[in-house]
$ cat entry.cif   # mmCIF, C-alpha atoms
data_final
loop_
_atom_site.label_atom_id
_atom_site.label_comp_id
_atom_site.auth_asym_id
_atom_site.auth_seq_id
_atom_site.Cartn_x
_atom_site.Cartn_y
_atom_site.Cartn_z
CA MET X 1303 41.14 36.60 71.62
CA THR X 1304 43.77 33.98 70.83
CA LYS X 1305 43.85 31.65 67.86
CA ARG X 1306 43.19 28.73 70.18
CA TYR X 1307 40.02 30.35 71.54
CA GLU X 1308 38.91 31.08 67.96
CA GLU X 1309 39.40 27.38 67.17
CA GLN X 1310 37.25 26.38 70.16
CA LEU X 1311 34.51 28.77 69.04
CA ARG X 1312 34.55 27.39 65.50
CA HIS X 1313 34.44 23.83 66.85
CA VAL X 1314 31.24 24.52 68.79
CA ALA X 1315 29.81 26.53 65.87
CA MET X 1316 30.24 23.45 63.65
CA THR X 1317 28.30 21.16 66.02
CA ASP X 1318 25.92 18.82 64.20
CA LEU X 1319 22.60 20.55 64.84
CA PRO X 1320 19.53 21.50 62.74
CA TRP X 1321 20.92 24.96 61.97
CA GLU X 1322 18.46 25.29 59.08
CA LYS X 1323 15.81 26.24 61.64
CA MET X 1324 17.62 29.57 62.02
CA THR X 1325 17.77 30.41 58.31
CA GLY X 1326 16.66 33.98 57.76
CA LYS X 1327 15.85 34.46 61.46
CA ASN X 1328 16.68 37.06 64.08
CA VAL X 1329 18.29 35.77 67.30
CA LEU X 1330 18.16 37.86 70.49
CA ILE X 1331 20.62 37.12 73.30
CA THR X 1332 19.97 39.06 76.50
CA GLY X 1333 22.68 39.36 79.13
CA ALA X 1334 25.09 39.35 76.19
CA THR X 1335 27.95 40.99 78.08
CA GLY X 1336 27.89 38.29 80.76
CA LEU X 1337 30.07 35.17 80.73
CA ILE X 1338 27.52 32.82 79.13
CA GLY X 1339 25.82 35.37 76.89
CA GLY X 1340 29.11 36.72 75.56
CA CYS X 1341 30.41 33.27 74.70
CA LEU X 1342 27.12 32.42 72.99
CA VAL X 1343 27.47 35.53 70.80
CA ASP X 1344 31.07 34.53 70.00
CA VAL X 1345 30.05 31.03 68.93
CA LEU X 1346 27.15 32.16 66.75
CA MET X 1347 29.28 34.85 65.10
CA HIS X 1348 31.78 32.10 64.19
CA ARG X 1349 29.16 30.00 62.44
CA PRO X 1350 30.40 29.65 58.82
CA ASN X 1351 28.09 31.00 56.12
CA LYS X 1352 25.57 32.01 58.77
CA ASP X 1353 22.26 33.22 57.39
CA PHE X 1354 20.77 34.64 60.57
CA LYS X 1355 21.26 37.91 62.45
CA ILE X 1356 22.49 38.23 66.03
CA TYR X 1357 21.04 40.88 68.33
CA ALA X 1358 23.13 41.12 71.51
CA ALA X 1359 21.37 42.97 74.32
CA GLY X 1360 22.73 44.42 77.53
CA ARG X 1361 22.81 47.49 79.75
CA ASN X 1362 26.46 48.46 79.36
CA GLU X 1363 27.16 49.62 75.81
CA ALA X 1364 30.76 50.60 76.60
CA ARG X 1365 31.54 47.08 77.84
CA ALA X 1366 29.69 45.59 74.85
CA LYS X 1367 31.68 47.67 72.37
CA GLU X 1368 34.90 46.42 73.92
CA ARG X 1369 33.71 42.82 74.25
CA PHE X 1370 32.34 42.60 70.70
CA ALA X 1371 34.79 44.88 68.92
CA ALA X 1372 35.49 42.20 66.31
CA TYR X 1373 31.84 42.15 65.19
CA TRP X 1374 30.66 45.67 65.99
CA HIS X 1375 30.40 46.85 62.39
CA GLU X 1376 29.33 43.57 60.80
CA ASP X 1377 25.94 43.50 59.07
CA ASP X 1378 24.77 40.35 60.86
CA PHE X 1379 25.49 41.75 64.35
CA CYS X 1380 23.63 44.43 66.26
CA PHE X 1381 23.94 45.54 69.87
CA LEU X 1382 20.76 46.69 71.62
CA SER X 1383 21.09 48.70 74.82
CA PHE X 1384 18.18 48.05 77.16
CA ASP X 1385 17.24 46.62 80.55
CA VAL X 1386 14.97 43.57 80.41
CA VAL X 1387 13.05 44.87 83.44
CA ASN X 1388 11.64 47.59 81.20
CA GLU X 1389 9.30 47.22 78.24
CA VAL X 1390 11.26 46.15 75.15
CA PRO X 1391 11.70 49.44 73.21
CA PHE X 1392 11.89 48.00 69.69
CA ASP X 1393 9.69 46.68 66.89
CA ILE X 1394 11.85 43.81 65.68
CA ASP X 1395 10.74 40.22 65.21
CA PHE X 1396 13.01 38.10 67.40
CA HIS X 1397 12.32 34.54 66.24
CA PHE X 1398 14.73 32.99 68.76
CA ILE X 1399 15.40 34.43 72.22
CA ILE X 1400 17.97 33.14 74.70
CA ASP X 1401 17.46 34.98 77.97
CA ALA X 1402 20.71 35.05 79.93
CA ALA X 1403 20.05 38.38 81.64
CA SER X 1404 20.41 37.89 85.37
CA GLY X 1405 22.47 39.17 88.25
CA ALA X 1406 24.69 36.20 89.07
CA SER X 1407 27.19 37.68 91.50
CA PRO X 1408 27.11 37.03 95.26
CA SER X 1409 27.69 40.72 95.92
CA LEU X 1410 24.40 41.55 94.20
CA TYR X 1411 22.47 39.01 96.27
CA ALA X 1412 23.52 40.94 99.38
CA THR X 1413 23.30 44.51 98.05
CA ASP X 1414 20.55 44.46 95.39
CA PRO X 1415 18.27 41.47 96.01
CA VAL X 1416 15.24 43.35 94.65
CA GLY X 1417 17.05 44.05 91.38
CA VAL X 1418 18.05 40.38 91.11
CA MET X 1419 14.44 39.26 91.52
CA GLN X 1420 13.10 41.85 89.10
CA ALA X 1421 15.52 40.83 86.34
CA ASN X 1422 14.54 37.18 86.72
CA ILE X 1423 10.76 37.54 86.97
CA ILE X 1424 9.77 40.87 85.39
CA GLY X 1425 12.47 40.48 82.74
CA VAL X 1426 11.11 37.12 81.59
CA ASN X 1427 7.58 38.51 81.52
CA GLN X 1428 8.65 41.50 79.39
CA LEU X 1429 10.44 39.30 76.86
CA LEU X 1430 7.65 36.75 76.56
CA THR X 1431 4.97 39.43 76.25
CA TYR X 1432 7.03 41.00 73.47
CA GLY X 1433 7.57 37.63 71.80
CA LEU X 1434 3.83 36.92 71.71
CA HIS X 1435 3.38 39.86 69.36
CA HIS X 1436 6.61 39.52 67.37
CA HIS X 1437 6.62 36.02 65.86
CA LEU X 1438 8.62 34.27 68.58
CA GLU X 1439 9.41 30.70 67.54
CA LYS X 1440 11.61 29.47 70.42
CA PHE X 1441 12.53 30.84 73.82
CA VAL X 1442 15.29 29.41 76.03
CA TYR X 1443 15.41 30.61 79.60
CA VAL X 1444 18.84 30.34 81.21
CA SER X 1445 17.89 29.44 84.76
CA SER X 1446 20.30 27.93 87.30
CA GLY X 1447 21.12 24.71 89.10
CA GLU X 1448 20.59 26.73 92.28
CA ILE X 1449 16.83 26.22 91.90
CA TYR X 1450 17.30 22.78 93.49
CA GLY X 1451 18.40 24.22 96.82
CA GLU X 1452 19.84 21.90 99.46
CA GLY X 1453 19.32 18.20 98.82
CA VAL X 1454 20.23 15.09 100.77
CA GLY X 1455 23.48 14.43 98.93
CA GLN X 1456 22.00 12.87 95.80
CA MET X 1457 22.67 13.97 92.23
CA PHE X 1458 19.83 16.20 91.04
CA SER X 1459 17.80 15.23 87.99
CA GLU X 1460 15.37 17.69 86.43
CA THR X 1461 12.37 16.38 88.37
CA ASP X 1462 14.02 16.72 91.80
CA SER X 1463 13.72 19.53 94.29
CA GLY X 1464 15.54 20.45 97.47
CA TYR X 1465 15.10 22.93 100.30
CA ILE X 1466 15.37 26.71 99.96
CA ASP X 1467 14.66 29.00 102.90
CA CYS X 1468 12.56 31.59 101.05
CA ALA X 1469 12.57 34.03 103.99
CA THR X 1470 16.23 34.94 103.51
CA VAL X 1471 17.84 37.59 101.34
CA ARG X 1472 20.11 34.99 99.69
CA ALA X 1473 16.99 33.25 98.35
CA CYS X 1474 16.43 36.19 95.99
CA TYR X 1475 18.34 34.33 93.28
CA PRO X 1476 17.11 30.70 93.41
CA SER X 1477 13.53 31.63 94.37
CA SER X 1478 13.17 34.11 91.53
CA LYS X 1479 14.71 31.63 89.11
CA GLN X 1480 12.12 29.07 90.22
CA ALA X 1481 9.30 31.57 89.73
CA ALA X 1482 10.64 32.53 86.30
CA GLU X 1483 10.68 28.88 85.24
CA THR X 1484 7.05 28.49 86.27
CA LEU X 1485 6.20 31.69 84.40
CA CYS X 1486 7.88 30.24 81.29
CA VAL X 1487 5.90 27.01 81.30
CA SER X 1488 2.74 28.99 82.07
CA TYR X 1489 3.23 31.12 78.97
CA ALA X 1490 3.92 27.97 76.95
CA ALA X 1491 0.77 26.27 78.19
CA GLN X 1492 -1.55 29.30 78.00
CA TYR X 1493 -0.33 30.94 74.78
CA GLY X 1494 1.19 28.05 72.84
CA LEU X 1495 4.78 29.29 72.92
CA ASP X 1496 7.74 26.90 72.52
CA ILE X 1497 9.87 27.37 75.63
CA SER X 1498 12.70 25.28 77.06
CA ILE X 1499 14.67 25.84 80.26
CA ALA X 1500 18.42 25.47 80.81
CA ARG X 1501 19.80 24.89 84.31
CA PRO X 1502 23.56 25.44 84.17
CA SER X 1503 25.75 24.35 87.04
CA HIS X 1504 28.54 26.71 88.12
CA VAL X 1505 30.17 27.92 84.91
CA TYR X 1506 33.74 29.13 84.40
CA GLY X 1507 35.68 30.52 81.46
CA ALA X 1508 37.55 33.52 80.07
CA TYR X 1509 36.15 37.01 79.47
CA PHE X 1510 34.30 37.37 82.76
CA SER X 1511 33.69 40.96 83.79
CA ALA X 1512 35.78 42.98 86.23
CA THR X 1513 32.80 43.04 88.61
CA ASP X 1514 32.23 39.27 88.59
CA MET X 1515 32.71 38.19 92.22
CA ARG X 1516 32.04 34.47 91.81
CA VAL X 1517 34.73 32.30 93.37
CA TYR X 1518 36.37 31.04 90.18
CA ALA X 1519 36.73 34.63 88.89
CA GLN X 1520 38.27 35.80 92.15
CA PHE X 1521 40.67 32.85 92.20
CA ILE X 1522 41.79 33.52 88.63
CA ARG X 1523 42.29 37.22 89.38
CA ASN X 1524 44.53 36.20 92.29
CA VAL X 1525 46.84 34.11 90.10
CA LEU X 1526 46.83 36.72 87.30
CA HIS X 1527 48.09 39.25 89.86
CA LYS X 1528 50.65 36.75 91.19
CA GLU X 1529 48.83 36.64 94.52
CA ASP X 1530 47.91 33.75 96.78
CA ILE X 1531 44.36 32.49 96.25
CA VAL X 1532 42.19 33.82 99.06
CA MET X 1533 39.35 31.53 100.12
CA LYS X 1534 36.46 32.96 102.14
CA SER X 1535 35.54 29.58 103.69
CA ASN X 1536 37.08 26.19 104.33
CA GLY X 1537 36.03 25.24 100.79
CA GLU X 1538 34.05 22.14 101.71
CA GLN X 1539 31.05 22.97 99.49
CA PHE X 1540 30.84 20.44 96.66
CA ARG X 1541 29.65 21.56 93.21
CA SER X 1542 29.17 20.57 89.60
CA TRP X 1543 31.10 22.84 87.25
CA CYS X 1544 31.05 23.37 83.49
CA TYR X 1545 33.36 25.15 81.03
CA VAL X 1546 31.55 28.02 79.35
CA LEU X 1547 31.96 26.66 75.80
CA ASP X 1548 30.50 23.32 76.89
CA CYS X 1549 27.63 25.22 78.50
CA VAL X 1550 27.00 27.22 75.32
CA ALA X 1551 27.02 24.03 73.26
CA GLY X 1552 24.36 22.72 75.65
CA LEU X 1553 22.28 25.87 75.15
CA LEU X 1554 22.41 25.41 71.39
CA PHE X 1555 21.21 21.81 71.71
CA ILE X 1556 18.35 23.04 73.89
CA LEU X 1557 17.55 25.88 71.46
CA LEU X 1558 17.44 23.70 68.36
CA LYS X 1559 16.45 20.28 69.75
CA GLY X 1560 14.97 20.90 73.22
CA LYS X 1561 11.40 19.89 74.00
CA ASN X 1562 8.71 22.41 74.86
CA GLN X 1563 8.13 23.00 78.60
CA CYS X 1564 11.16 20.86 79.43
CA ALA X 1565 14.15 21.69 81.65
CA TYR X 1566 17.72 20.49 81.04
CA ASN X 1567 20.67 20.41 83.43
CA ILE X 1568 24.02 21.55 82.01
CA ALA X 1569 27.08 20.28 83.89
CA ASP X 1570 30.32 18.42 83.27
CA PRO X 1571 30.01 14.99 84.92
CA GLN X 1572 33.82 14.90 85.25
CA SER X 1573 33.96 18.28 87.03
CA ASN X 1574 32.28 17.64 90.37
CA VAL X 1575 34.70 19.15 92.89
CA SER X 1576 34.83 21.06 96.16
CA ILE X 1577 35.60 24.77 96.28
CA ARG X 1578 38.89 23.84 97.92
CA THR X 1579 39.82 21.54 95.04
CA LEU X 1580 38.91 24.26 92.54
CA ALA X 1581 41.15 26.72 94.38
CA GLU X 1582 44.02 24.22 94.45
CA LEU X 1583 43.70 23.51 90.72
CA ILE X 1584 43.84 27.20 89.84
CA ALA X 1585 46.66 27.84 92.36
CA LYS X 1586 48.69 25.01 90.78
CA ILE X 1587 48.25 26.56 87.33
CA GLY X 1588 49.38 29.95 88.63
CA CYS X 1589 52.10 28.61 90.95
CA GLN X 1590 50.47 30.24 93.98
CA ARG X 1591 49.29 29.18 97.45
CA VAL X 1592 45.77 28.83 98.87
CA VAL X 1593 45.01 30.79 102.04
CA ILE X 1594 41.79 31.18 104.05
CA GLU X 1595 40.43 34.60 105.00
CA LEU X 1596 36.92 34.62 106.46
CA PRO X 1597 34.68 37.41 105.05
CA PRO X 1598 32.73 40.19 106.83
CA GLU X 1599 29.03 39.52 107.51
CA VAL X 1600 27.74 41.73 104.65
CA GLU X 1601 29.83 39.86 102.10
CA LYS X 1602 28.99 36.52 103.67
CA ALA X 1603 25.25 37.25 103.25
CA GLY X 1604 25.59 36.80 99.50
CA TYR X 1605 27.16 33.34 99.66
CA SER X 1606 25.31 30.14 98.91
CA VAL X 1607 24.62 27.94 101.92
CA ILE X 1608 24.19 24.79 99.83
CA SER X 1609 26.70 22.14 100.89
CA LYS X 1610 26.43 19.81 97.87
CA ALA X 1611 24.94 20.30 94.40
CA THR X 1612 25.73 17.92 91.55
CA PHE X 1613 23.59 17.32 88.49
CA SER X 1614 22.59 14.51 86.18
CA THR X 1615 22.92 15.45 82.50
CA SER X 1616 21.32 12.34 80.96
CA ARG X 1617 18.37 14.36 79.60
CA LEU X 1618 20.66 16.75 77.70
CA GLU X 1619 22.91 13.91 76.58
CA ALA X 1620 19.84 12.24 75.05
CA LEU X 1621 19.72 15.19 72.62
CA GLY X 1622 23.28 14.35 71.50
CA TRP X 1623 25.28 16.78 73.67
CA ARG X 1624 28.72 15.55 74.80
CA ILE X 1625 31.76 16.95 76.66
CA GLU X 1626 35.43 16.32 75.89
CA GLY X 1627 38.59 17.26 77.84
CA THR X 1628 39.41 17.69 81.52
CA MET X 1629 38.61 20.45 83.98
CA GLU X 1630 42.31 21.13 84.61
CA GLU X 1631 42.94 21.59 80.87
CA LYS X 1632 40.07 24.04 80.56
CA LEU X 1633 41.01 25.97 83.68
CA ARG X 1634 44.58 26.26 82.40
CA PHE X 1635 43.34 27.56 79.07
CA THR X 1636 41.03 30.04 80.86
CA VAL X 1637 43.95 31.47 82.85
CA GLU X 1638 46.13 31.68 79.73
CA GLU X 1639 43.36 33.40 77.74
CA MET X 1640 42.82 35.94 80.50
CA GLN X 1641 46.58 36.60 80.64
CA THR X 1642 46.49 37.36 76.92
CA GLN X 1643 43.47 39.61 77.35
CA ASN X 1644 45.18 41.56 80.13
CA ARG X 1645 48.24 42.16 77.97
CA GLU X 1646 46.19 43.61 75.10
#
$ encode --input "entry.cif" --output "structure tokens"
Amino acid sequence: MTKRYEEQLRHVAMTDLPWEKMTGKNVLITGATGLIGGCLVDVLMHRPNKDFKIYAAGRNEARAKERFAAYWHEDDFCFLSFDVVNEVPFDIDFHFIIDAASGASPSLYATDPVGVMQANIIGVNQLLTYGLHHHLEKFVYVSSGEIYGEGVGQMFSETDSGYIDCATVRACYPSSKQAAETLCVSYAAQYGLDISIARPSHVYGAYFSATDMRVYAQFIRNVLHKEDIVMKSNGEQFRSWCYVLDCVAGLLFILLKGKNQCAYNIADPQSNVSIRTLAELIAKIGCQRVVIELPPEVEKAGYSVISKATFSTSRLEALGWRIEGTMEEKLRFTVEEMQTQNRE
């Protein structure tokens, strides 16, 4: 990773938060090799004079060893290879758990909808059952802004809901996220656990996996390969976006200051754009064109049908969370960081 990325990590790691809550604690991050989970590990490992231990969990140890090579042999880092769908095969007290383990790629929604649902529902149940017997102090579930479904054009606050056609394969993701949220608050109410929910908007940033088929990742791959950006629609869908480091900062605010049984949107209020605008921004950075190529039906089955989804972040901002910088600046940095990664 570049010096500039290291500086960004240290900046977030120095955020004014009650870090003393984590003194002497074990922190488990599931889905650690994903975009959000990996960045969260990076930030916490850059916390100066940290006095807590990071357990990064995922299914792909080879990817984890490459992703976390800088920390692999450090005493305050440990990688755990397991699938959250299965019973947690350890006897470690995880005082803080951030559950970011979820299939979040459109290709999976079309080809493995059962696996997507199992990770979201059974995975949460396994982790919370484990936490009940291992001194869990705080659990943050990384849900999704997709739980709102299709609205009527308004900005979603945390108490809103929209329409989701549950009898479709594509609903495997938002419907299971909804169910997992309800399971979280049920555990909190019935067993006295402290659980908060994060609802990130669409998140972008460097170090996404080679199998990540979300639109921003595909667009960036296009410009890295000096190819035109290929859009699989007219790009009219309108979304809230958030840079991954801003998202991770939001997760830390939720972890250390979030209220029990409370959900928080994470989005950049200055980054509400259409898919077409996103493509044009990335194409401009890479000096490429935008072209439209409609997908086959199997691929199309994994795409979101939501036409507009933007989110209010006033609840998270009330905890002190703020965003600086523009979307174009952060997209440009993302492309440059990925170029550096590809050269290494």
$ resolve_selection --input "entry.cif" --expression "the PyMOL selection byres ((chain X and resi 1350-1363) around 7)" --output "list in words"
Met1324, Thr1325, Gly1326, Lys1327, Asn1328, Val1329, Leu1330, Ile1331, Thr1332, Gly1333, Ala1334, Thr1335, His1348, Arg1349, Ala1364, Arg1365, Ala1366, Lys1367, Asp1378, Phe1379, Cys1380, Phe1381, Leu1382, Ser1383, Phe1384 and Asp1385 of chain X
$ residues_around --input "entry.cif" --residues "X:Gln1428" --least-positions-apart "3" --cutoff "12 Å" --atoms "all atoms listed in the file" --output "ChimeraX atom specification"
/X:1332,1384-1391,1401,1420-1425,1431-1435,1482,1485-1486,1489
$ write_last_selection --input "entry.cif" --atoms "C-alpha atoms" --output "tab-separated table (two decimals), keeping the file's coordinate frame"
chain	number	residue	atom	x	y	z
X	1332	THR	CA	19.97	39.06	76.50
X	1384	PHE	CA	18.18	48.05	77.16
X	1385	ASP	CA	17.24	46.62	80.55
X	1386	VAL	CA	14.97	43.57	80.41
X	1387	VAL	CA	13.05	44.87	83.44
X	1388	ASN	CA	11.64	47.59	81.20
X	1389	GLU	CA	9.30	47.22	78.24
X	1390	VAL	CA	11.26	46.15	75.15
X	1391	PRO	CA	11.70	49.44	73.21
X	1401	ASP	CA	17.46	34.98	77.97
X	1420	GLN	CA	13.10	41.85	89.10
X	1421	ALA	CA	15.52	40.83	86.34
X	1422	ASN	CA	14.54	37.18	86.72
X	1423	ILE	CA	10.76	37.54	86.97
X	1424	ILE	CA	9.77	40.87	85.39
X	1425	GLY	CA	12.47	40.48	82.74
X	1431	THR	CA	4.97	39.43	76.25
X	1432	TYR	CA	7.03	41.00	73.47
X	1433	GLY	CA	7.57	37.63	71.80
X	1434	LEU	CA	3.83	36.92	71.71
X	1435	HIS	CA	3.38	39.86	69.36
X	1482	ALA	CA	10.64	32.53	86.30
X	1485	LEU	CA	6.20	31.69	84.40
X	1486	CYS	CA	7.88	30.24	81.29
X	1489	TYR	CA	3.23	31.12	78.97
$ atom_distance --input "entry.cif" --atom1 "atom CA of X:Leu1554" --atom2 "atom CA of X:Val1314"
9.2 Å
$ residues_near_point --input "entry.cif" --point "(26.1, 22.5, 97.6)" --cutoff "7 Å" --atoms "only C-alpha atoms" --output "ChimeraX atom specification"
/X:1452,1539-1541,1608-1611
$ resolve_selection --input "entry.cif" --expression "the PyMOL selection byres ((chain X and resi 1629) around 8)" --output "PDB file with C-alpha atoms, in the coordinates of the input"
ATOM      1  CA  TYR X1545      33.360  25.150  81.030  1.00  0.00           C
ATOM      2  CA  GLN X1572      33.820  14.900  85.250  1.00  0.00           C
ATOM      3  CA  SER X1573      33.960  18.280  87.030  1.00  0.00           C
ATOM      4  CA  GLY X1627      38.590  17.260  77.840  1.00  0.00           C
ATOM      5  CA  THR X1628      39.410  17.690  81.520  1.00  0.00           C
ATOM      6  CA  GLU X1630      42.310  21.130  84.610  1.00  0.00           C
ATOM      7  CA  GLU X1631      42.940  21.590  80.870  1.00  0.00           C
ATOM      8  CA  LYS X1632      40.070  24.040  80.560  1.00  0.00           C
ATOM      9  CA  LEU X1633      41.010  25.970  83.680  1.00  0.00           C
TER      10      LEU X1633
END
$ atom_distance --input "entry.cif" --atom1 "atom CA of X:Ala1508" --atom2 "atom CA of X:Leu1410"
20.9 Å
$ atom_distance --input "entry.cif" --atom1 "atom CA of X:Tyr1373" --atom2 "atom CA of X:Gly1560"
28.3 Å
$ closest_residue --input "entry.cif" --among "X:Tyr1475, X:Thr1513, X:Ile1449, X:Tyr1518" --to "X:Asn1567" --atoms "all atoms listed in the file"
X:Ile1449
$ residues_around --input "entry.cif" --residues "X:Gly1588" --least-positions-apart "3" --cutoff "7 Å" --atoms "all atoms listed in the file" --output "PyMOL selection string"
chain X and resi 1525+1584-1585
$ write_last_selection --input "entry.cif" --atoms "C-alpha atoms" --output "short mmCIF file (atom, residue, chain, number, x, y, z; two decimals), in the frame of the given file"
data_model
loop_
_atom_site.label_atom_id
_atom_site.label_comp_id
_atom_site.auth_asym_id
_atom_site.auth_seq_id
_atom_site.Cartn_x
_atom_site.Cartn_y
_atom_site.Cartn_z
CA VAL X 1525 46.84 34.11 90.10
CA ILE X 1584 43.84 27.20 89.84
CA ALA X 1585 46.66 27.84 92.36
#
$ build_atoms --input "entry.cif" --residues "stretch 1573-1581 of chain X" --atoms "all heavy atoms" --output "PDB file, in the coordinates of the input"
ATOM      1  N   SER X1573      33.508  17.076  86.317  1.00  0.00           N
ATOM      2  CA  SER X1573      33.960  18.280  87.030  1.00  0.00           C
ATOM      3  C   SER X1573      33.138  18.539  88.278  1.00  0.00           C
ATOM      4  O   SER X1573      32.679  19.653  88.525  1.00  0.00           O
ATOM      5  CB  SER X1573      33.908  19.493  86.089  1.00  0.00           C
ATOM      6  OG  SER X1573      34.777  19.326  84.995  1.00  0.00           O
ATOM      7  N   ASN X1574      32.944  17.502  89.072  1.00  0.00           N
ATOM      8  CA  ASN X1574      32.280  17.640  90.370  1.00  0.00           C
ATOM      9  C   ASN X1574      33.366  17.720  91.435  1.00  0.00           C
ATOM     10  O   ASN X1574      34.014  16.727  91.752  1.00  0.00           O
ATOM     11  CB  ASN X1574      31.357  16.451  90.642  1.00  0.00           C
ATOM     12  CG  ASN X1574      30.224  16.343  89.637  1.00  0.00           C
ATOM     13  OD1 ASN X1574      29.751  17.354  89.103  1.00  0.00           O
ATOM     14  ND2 ASN X1574      29.779  15.124  89.367  1.00  0.00           N
ATOM     15  N   VAL X1575      33.587  18.938  91.959  1.00  0.00           N
ATOM     16  CA  VAL X1575      34.700  19.150  92.890  1.00  0.00           C
ATOM     17  C   VAL X1575      34.287  20.105  94.001  1.00  0.00           C
ATOM     18  O   VAL X1575      33.303  20.842  93.882  1.00  0.00           O
ATOM     19  CB  VAL X1575      35.946  19.733  92.174  1.00  0.00           C
ATOM     20  CG1 VAL X1575      36.463  18.789  91.104  1.00  0.00           C
ATOM     21  CG2 VAL X1575      35.638  21.108  91.579  1.00  0.00           C
ATOM     22  N   SER X1576      35.048  20.100  95.076  1.00  0.00           N
ATOM     23  CA  SER X1576      34.830  21.060  96.160  1.00  0.00           C
ATOM     24  C   SER X1576      35.440  22.409  95.780  1.00  0.00           C
ATOM     25  O   SER X1576      36.280  22.505  94.882  1.00  0.00           O
ATOM     26  CB  SER X1576      35.477  20.557  97.460  1.00  0.00           C
ATOM     27  OG  SER X1576      36.889  20.574  97.340  1.00  0.00           O
ATOM     28  N   ILE X1577      35.017  23.446  96.488  1.00  0.00           N
ATOM     29  CA  ILE X1577      35.600  24.770  96.280  1.00  0.00           C
ATOM     30  C   ILE X1577      37.100  24.735  96.574  1.00  0.00           C
ATOM     31  O   ILE X1577      37.903  25.367  95.891  1.00  0.00           O
ATOM     32  CB  ILE X1577      34.904  25.824  97.165  1.00  0.00           C
ATOM     33  CG1 ILE X1577      33.402  25.874  96.867  1.00  0.00           C
ATOM     34  CG2 ILE X1577      35.542  27.192  96.968  1.00  0.00           C
ATOM     35  CD1 ILE X1577      33.041  26.323  95.488  1.00  0.00           C
ATOM     36  N   ARG X1578      37.477  23.972  97.573  1.00  0.00           N
ATOM     37  CA  ARG X1578      38.890  23.840  97.920  1.00  0.00           C
ATOM     38  C   ARG X1578      39.689  23.232  96.769  1.00  0.00           C
ATOM     39  O   ARG X1578      40.775  23.716  96.416  1.00  0.00           O
ATOM     40  CB  ARG X1578      39.040  22.976  99.179  1.00  0.00           C
ATOM     41  CG  ARG X1578      40.484  22.718  99.594  1.00  0.00           C
ATOM     42  CD  ARG X1578      41.073  23.918 100.281  1.00  0.00           C
ATOM     43  NE  ARG X1578      42.505  23.823 100.493  1.00  0.00           N
ATOM     44  CZ  ARG X1578      43.139  24.358 101.529  1.00  0.00           C
ATOM     45  NH1 ARG X1578      42.449  25.006 102.454  1.00  0.00           N
ATOM     46  NH2 ARG X1578      44.442  24.253 101.653  1.00  0.00           N
ATOM     47  N   THR X1579      39.140  22.176  96.170  1.00  0.00           N
ATOM     48  CA  THR X1579      39.820  21.540  95.040  1.00  0.00           C
ATOM     49  C   THR X1579      39.933  22.500  93.863  1.00  0.00           C
ATOM     50  O   THR X1579      40.971  22.564  93.190  1.00  0.00           O
ATOM     51  CB  THR X1579      39.085  20.261  94.613  1.00  0.00           C
ATOM     52  OG1 THR X1579      39.089  19.330  95.701  1.00  0.00           O
ATOM     53  CG2 THR X1579      39.744  19.619  93.397  1.00  0.00           C
ATOM     54  N   LEU X1580      38.867  23.264  93.602  1.00  0.00           N
ATOM     55  CA  LEU X1580      38.910  24.260  92.540  1.00  0.00           C
ATOM     56  C   LEU X1580      40.031  25.258  92.793  1.00  0.00           C
ATOM     57  O   LEU X1580      40.821  25.578  91.888  1.00  0.00           O
ATOM     58  CB  LEU X1580      37.569  24.994  92.450  1.00  0.00           C
ATOM     59  CG  LEU X1580      37.507  26.150  91.446  1.00  0.00           C
ATOM     60  CD1 LEU X1580      37.501  25.630  90.025  1.00  0.00           C
ATOM     61  CD2 LEU X1580      36.276  27.020  91.701  1.00  0.00           C
ATOM     62  N   ALA X1581      40.113  25.751  94.027  1.00  0.00           N
ATOM     63  CA  ALA X1581      41.150  26.720  94.380  1.00  0.00           C
ATOM     64  C   ALA X1581      42.539  26.113  94.177  1.00  0.00           C
ATOM     65  O   ALA X1581      43.455  26.767  93.646  1.00  0.00           O
ATOM     66  CB  ALA X1581      40.976  27.166  95.830  1.00  0.00           C
TER      67      ALA X1581
END
